[in-house]
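Novice: See upload-v7.txt below, with compact mmCIF, C-alpha atoms.
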```txt
# COMPACT_ATOMS: atom_id res chain seq x y z
CA CYS P 29 0.00 0.00 0.00
CA MET P 30 1.39 3.42 -1.02
CA ASP P 31 1.62 6.10 1.63
CA ASN P 32 -0.06 9.49 1.19
CA LYS P 33 3.17 11.16 0.08
CA GLU P 34 3.65 8.72 -2.84
CA ILE P 35 -0.05 8.91 -3.74
CA ILE P 36 0.22 12.72 -3.94
CA ILE P 37 3.41 12.50 -6.05
CA GLN P 38 1.78 10.02 -8.47
CA ALA P 39 -1.36 12.18 -8.76
CA ALA P 40 0.79 15.25 -9.51
CA ILE P 41 2.86 13.35 -12.10
CA ASP P 42 -0.35 12.17 -13.77
CA LEU P 43 -1.61 15.77 -13.91
CA ILE P 44 1.73 17.02 -15.28
CA ASN P 45 1.55 14.37 -18.02
CA GLU P 46 -2.09 15.30 -18.78
CA LYS P 47 -1.57 19.07 -18.83
CA GLY P 48 1.77 19.15 -20.65
CA GLU P 49 2.55 22.76 -21.47
CA ARG P 50 -0.23 23.98 -19.18
CA MET P 51 1.60 22.60 -16.15
CA ASP P 52 1.34 25.98 -14.36
CA ASP P 53 -2.47 25.57 -14.34
CA ILE P 54 -2.27 22.63 -11.91
CA THR P 55 -3.73 23.53 -8.52
CA VAL P 56 -3.19 21.98 -5.09
CA ARG P 57 -6.94 21.35 -4.95
CA GLU P 58 -6.75 19.40 -8.23
CA ILE P 59 -3.79 17.32 -7.00
CA CYS P 60 -5.52 16.50 -3.72
CA LYS P 61 -8.78 15.61 -5.47
CA LYS P 62 -6.94 13.23 -7.85
CA ALA P 63 -5.00 11.72 -4.91
CA ASN P 64 -8.12 11.60 -2.77
CA VAL P 65 -6.37 13.28 0.18
CA GLY P 66 -6.96 16.40 2.26
CA LEU P 67 -5.61 19.78 1.12
CA GLY P 68 -3.27 20.16 4.11
CA LEU P 69 -1.21 17.10 3.14
CA VAL P 70 0.55 18.82 0.22
CA ASN P 71 1.92 21.51 2.53
CA TYR P 72 2.62 18.93 5.25
CA HIS P 73 4.72 16.69 2.95
CA PHE P 74 6.19 19.20 0.48
CA GLU P 75 5.91 22.76 1.98
CA ASN P 76 4.15 24.02 -1.16
CA LYS P 77 2.94 23.15 -4.65
CA ASP P 78 6.14 24.37 -6.36
CA LYS P 79 8.35 22.03 -4.33
CA LEU P 80 6.00 19.12 -5.10
CA ILE P 81 6.04 19.93 -8.83
CA GLU P 82 9.87 20.20 -8.79
CA LEU P 83 10.11 16.76 -7.16
CA CYS P 84 7.72 15.28 -9.73
CA VAL P 85 9.61 16.84 -12.63
CA GLU P 86 12.87 15.47 -11.25
CA ARG P 87 11.34 11.98 -11.18
CA ILE P 88 9.96 12.30 -14.72
CA VAL P 89 13.26 13.50 -16.17
CA ASN P 90 15.23 10.98 -14.15
CA GLY P 91 13.22 8.25 -15.88
CA ILE P 92 14.17 9.69 -19.27
CA VAL P 93 17.86 9.95 -18.35
CA GLU P 94 17.79 6.27 -17.36
CA ASN P 95 16.53 5.54 -20.90
CA PHE P 96 19.69 7.11 -22.36
CA HIS P 97 21.43 3.86 -21.56
CA ALA P 98 19.08 2.11 -24.01
CA ILE P 99 20.61 4.07 -26.91
CA ARG P 100 23.58 1.71 -26.86
CA GLU P 101 21.47 -0.86 -28.73
CA LYS P 102 20.11 1.71 -31.20
CA THR P 103 23.58 2.99 -32.09
CA GLU P 104 25.35 -0.31 -32.70
CA GLY P 105 27.93 0.21 -35.45
CA PHE P 106 27.97 4.02 -35.07
CA THR P 107 31.26 5.86 -34.58
CA PRO P 108 31.72 7.46 -31.13
CA PHE P 109 30.95 10.89 -32.65
CA GLU P 110 27.77 9.57 -34.32
CA LYS P 111 26.64 8.09 -30.98
CA LEU P 112 27.22 11.39 -29.21
CA ASP P 113 25.45 13.28 -31.98
CA TYR P 114 22.51 10.85 -31.78
CA LEU P 115 22.25 11.20 -27.98
CA GLY P 116 22.46 15.00 -28.23
CA ASN P 117 19.69 15.17 -30.79
CA MET P 118 17.58 12.77 -28.74
CA THR P 119 18.14 14.97 -25.65
CA LEU P 120 17.27 18.21 -27.42
CA THR P 121 14.19 16.66 -29.04
CA PHE P 122 13.01 15.50 -25.62
CA LEU P 123 13.58 18.98 -24.16
CA PHE P 124 11.49 20.69 -26.85
CA GLU P 125 8.75 18.03 -26.87
CA HIS P 126 8.41 18.32 -23.07
CA TYR P 127 9.13 22.02 -22.78
CA ALA P 128 7.46 22.84 -19.43
CA VAL P 129 8.86 19.79 -17.63
CA SER P 130 12.34 20.28 -19.11
CA LYS P 131 12.47 23.98 -18.30
CA THR P 132 11.39 23.31 -14.70
CA SER P 133 14.02 20.56 -14.38
CA ILE P 134 16.90 22.68 -15.71
CA LEU P 135 15.96 25.78 -13.72
CA THR P 136 15.56 23.72 -10.53
CA ASP P 137 19.03 22.20 -11.04
CA MET P 138 20.48 25.69 -11.60
CA ARG P 139 18.70 27.19 -8.59
CA THR P 140 19.44 24.34 -6.17
CA PRO P 141 22.22 22.16 -7.62
CA LYS P 142 22.65 18.74 -6.06
CA GLU P 143 25.31 16.16 -6.75
CA ASP P 144 22.73 13.67 -8.05
CA ASP P 145 20.38 16.04 -9.92
CA ASN P 146 19.22 15.51 -13.50
CA THR P 147 21.94 17.78 -14.90
CA HIS P 148 24.60 15.63 -13.25
CA ARG P 149 22.91 12.40 -14.35
CA THR P 150 22.89 13.72 -17.92
CA TYR P 151 26.57 14.66 -17.58
CA LEU P 152 27.35 11.11 -16.41
CA ALA P 153 25.49 9.65 -19.41
CA TYR P 154 27.52 11.84 -21.80
CA LEU P 155 30.96 11.43 -20.20
CA PRO P 156 31.77 7.94 -21.62
CA LEU P 157 30.66 9.05 -25.11
CA VAL P 158 32.81 12.19 -25.02
CA SER P 159 35.67 10.03 -23.75
CA ALA P 160 35.22 7.59 -26.66
CA CYS P 161 35.35 10.53 -29.11
CA ARG P 162 38.50 11.95 -27.54
CA PRO P 163 40.50 9.08 -26.01
CA GLY P 164 43.64 11.28 -25.91
CA TRP P 165 42.16 13.85 -23.56
CA ASP P 166 43.16 13.76 -19.91
CA LYS P 167 40.46 13.28 -17.24
CA GLU P 168 40.24 16.99 -16.35
CA THR P 169 39.84 18.12 -19.98
CA LEU P 170 37.29 15.38 -20.59
CA GLU P 171 35.19 16.41 -17.58
CA ARG P 172 35.42 20.12 -18.42
CA LYS P 173 34.43 19.63 -22.07
CA THR P 174 31.51 17.33 -21.11
CA PHE P 175 30.33 19.95 -18.61
CA CYS P 176 30.56 22.59 -21.38
CA LEU P 177 28.51 20.44 -23.73
CA ILE P 178 25.70 19.88 -21.21
CA THR P 179 25.69 23.57 -20.23
CA VAL P 180 25.56 24.74 -23.86
CA MET P 181 22.65 22.39 -24.60
CA GLN P 182 20.72 23.65 -21.56
CA GLN P 183 21.37 27.29 -22.47
CA ALA P 184 20.46 26.71 -26.13
CA PHE P 185 17.16 25.18 -24.98
CA LEU P 186 16.35 27.92 -22.46
CA ARG P 187 17.41 30.71 -24.84
CA TYR P 188 16.04 29.29 -28.10
CA LYS P 189 14.15 32.51 -28.97
CA VAL P 190 17.26 34.65 -28.47
CA ILE P 191 19.34 32.18 -30.50
CA LYS P 192 16.90 32.53 -33.38
CA GLN P 193 17.11 36.35 -33.21
CA LEU P 194 20.89 36.53 -32.83
CA TYR P 195 22.15 33.57 -34.86
CA GLY P 196 19.25 32.63 -37.11
CA PHE P 197 18.88 29.03 -35.89
CA ASP P 198 15.31 27.94 -35.20
CA LEU P 199 15.86 25.27 -32.57
CA THR P 200 12.18 24.33 -32.61
CA ASP P 201 12.78 22.97 -36.13
CA SER P 202 14.31 19.48 -35.88
CA GLU P 203 16.64 19.88 -38.89
CA GLU P 204 17.98 23.26 -37.75
CA ARG P 205 18.35 21.93 -34.21
CA ARG P 206 20.31 18.92 -35.52
CA ALA P 207 22.63 21.19 -37.54
CA PHE P 208 23.16 23.55 -34.60
CA HIS P 209 23.92 20.64 -32.26
CA SER P 210 26.43 19.11 -34.70
CA LYS P 211 28.27 22.45 -34.95
CA ILE P 212 28.36 22.82 -31.15
CA LEU P 213 29.62 19.26 -30.81
CA ARG P 214 32.40 19.88 -33.33
CA ASP P 215 33.35 23.15 -31.57
CA ILE P 216 33.60 21.52 -28.14
CA LEU P 217 35.30 18.34 -29.37
CA GLU P 218 37.53 20.36 -31.70
CA ALA P 219 36.54 17.97 -34.47
```
Step by step, read the file and then write its structure as structure tokens.
Specialist:
Amino acid sequence: CMDNKEIIIQAAIDLINEKGERMDDITVREICKKANVGLGLVNYHFENKDKLIELCVERIVNGIVENFHAIREKTEGFTPFEKLDYLGNMTLTFLFEHYAVSKTSILTDMRTPKEDDNTHRTYLAYLPLVSACRPGWDKETLERKTFCLITVMQQAFLRYKVIKQLYGFDLTDSEERRAFHSKILRDILEA
């Protein structure tokens, strides 16, 4: 039997998945009704709705990051660079297809960084691929360049409108996004 806290989290995740881009419209009353619990329990367990939503988003994105490991089968026979390019495009596509959840996840990680947050999990998923592309790089360079790659992808996502104005890339268009990502990858990997 799930406890009230988990029931509330699951109800909120269900509402986030239902509402998509209208995630901000979710109310505490709605969450409690779906979870069939009293209104006071959200504040009791999570302090407020925003903290509950952040926790739910972290769980949703964490599930996606875990799926990154499944790309190994899909990229059999690819060069290390092609694998990294594939993962990057998959990541950016996910970000844009789940804009509200992704934005909340990235901004939460920036506001309250933790050593096991989604940004760090993403970094850990990318590190072996960057390493395979650049086997000659020392550990420090490898870690720094991987950090740069993740940071650039997050900024490109968050600032996509500015990027279109300043540089002419429409990152909401999958082909332009793919081209932009490949250029960034080549810049960072010096390829």
Novice: Could you pull the residues within 10 Å of Glu49 in chain P, counting all atoms listed in the file, minus those fewer than 5 positions along the same chain, as a list in words?
Specialist: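 In the requested form, the answer reads Ile44, Glu125, His126, Tyr127, Ala128 and Val129 of chain P.
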Novice: Please provide as an NGL selection string all residues within 10 Å of Leu199 in chain P, with the sequence filter that same-chain residues fewer than 2 positions apart are discarded (counting only C-alpha atoms).
Specialist: :P and (120-121 or 124 or 184-185 or 187-189 or 191-192 or 196-197 or 201-209)
Novice: To one decimal place, how far is CA of Arg139 in chain P from CA of Phe175 in chain P in Å?
Specialist: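 These two atoms are separated by 17.0 Å.
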Novice: Applying 8 Å and all atoms listed in the file, which residues near range 54-68 of chain P remain after dropping the ones on its own chain fewer than 3 positions away? List them as a PDB file with C-alpha atoms, keeping the file's coordinate frame.
Specialist:
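Now in selection.pdb:
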```
ATOM      1  CA  ASN P  32      -0.060   9.490   1.190  1.00  0.00           C
ATOM      2  CA  ILE P  35      -0.050   8.910  -3.740  1.00  0.00           C
ATOM      3  CA  ILE P  36       0.220  12.720  -3.940  1.00  0.00           C
ATOM      4  CA  GLN P  38       1.780  10.020  -8.470  1.00  0.00           C
ATOM      5  CA  ALA P  39      -1.360  12.180  -8.760  1.00  0.00           C
ATOM      6  CA  ALA P  40       0.790  15.250  -9.510  1.00  0.00           C
ATOM      7  CA  LEU P  43      -1.610  15.770 -13.910  1.00  0.00           C
ATOM      8  CA  ILE P  44       1.730  17.020 -15.280  1.00  0.00           C
ATOM      9  CA  LYS P  47      -1.570  19.070 -18.830  1.00  0.00           C
ATOM     10  CA  ARG P  50      -0.230  23.980 -19.180  1.00  0.00           C
ATOM     11  CA  MET P  51       1.600  22.600 -16.150  1.00  0.00           C
ATOM     12  CA  ASN P  71       1.920  21.510   2.530  1.00  0.00           C
ATOM     13  CA  TYR P  72       2.620  18.930   5.250  1.00  0.00           C
ATOM     14  CA  LYS P  77       2.940  23.150  -4.650  1.00  0.00           C
TER      15      LYS P  77
END
```
Novice: Expressed in Å to a single decimal, how great is the separation between CA of Val89 in chain P and CA of Tyr151 in chain P?
Specialist: 13.4 Å
Novice: One number please: CA of Leu152 in chain P to CA of Leu186 in chain P, in Å, one decimal.
Specialist: 21.0 Å
Novice: Pick from P:Ser159, P:Asn90, P:Thr107, P:Asn95: nearest to Glu171 in chain P, with all atoms listed in the file counted?
Specialist: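 Distance minimum relative to Glu171 in chain P lands on P:Ser159.
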Novice: Between P:Ile212, P:Asn146, P:Leu217, P:Thr132, single out the one closest to Pro163 in chain P, counting only C-alpha atoms.
Specialist: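 Of the candidates, the smallest distance to Pro163 in chain P is held by P:Leu217.
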Novice: Compare P:Thr136, P:Pro141, P:Glu110, P:Asp215 by their minimum atom-to-atom distance to Asp78 in chain P, counting all atoms listed in the file, and give me the closest one.
Specialist: P:Thr136
Novice: For the point (21.5, 21.0, -21.1) in the file's frame, write as a PyMOL selection string all residues with an atom no more than 9 Å away, counting all atoms listed in the file.
Specialist: chain P and resi 119-120+123+134+147+150-151+177-186
Novice: I need the residue nearest Lys131 in chain P from this list: P:Glu101, P:Asp113, P:Glu82, P:Glu143. Use all atoms listed in the file for the distance.
Specialist: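 Of all the options, P:Glu82 lies closest to Lys131 in chain P.
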Novice: What are the centre and edge lengths in Å, to one decimal, of the axis-aligned box around all listed atoms of range 115-120 of chain P with 4 Å added on each side, as AutoDock Vina command-line options?
Specialist:
```
--center_x 19.9 --center_y 14.7 --center_z -28.2 --size_x 13.2 --size_y 15.0 --size_z 13.1
```
Novice: Counting all atoms listed in the file, what is within 8 Å of Leu115 in chain P, bar same-chain residues fewer than 3 positions away, as a list in words?
Specialist: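 Here the qualifying residues turn out to be Phe96, Ile99, Lys111, Leu112, Met118 and Thr119 of chain P.
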Novice: In terms of the shortest atom-to-atom distance over all atoms listed in the file, which of P:Ile88, P:Val190, P:Ile216, P:Leu80 is closest to Ser133 in chain P?
Specialist: P:Ile88
Novice: Kindly indicate which residue among P:Ile81, P:Lys102, P:Pro156, P:Thr200 lies nearest to Asp52 in chain P, using all atoms listed in the file for the distances.
Specialist: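 Among the listed residues, P:Ile81 lies closest to Asp52 in chain P.
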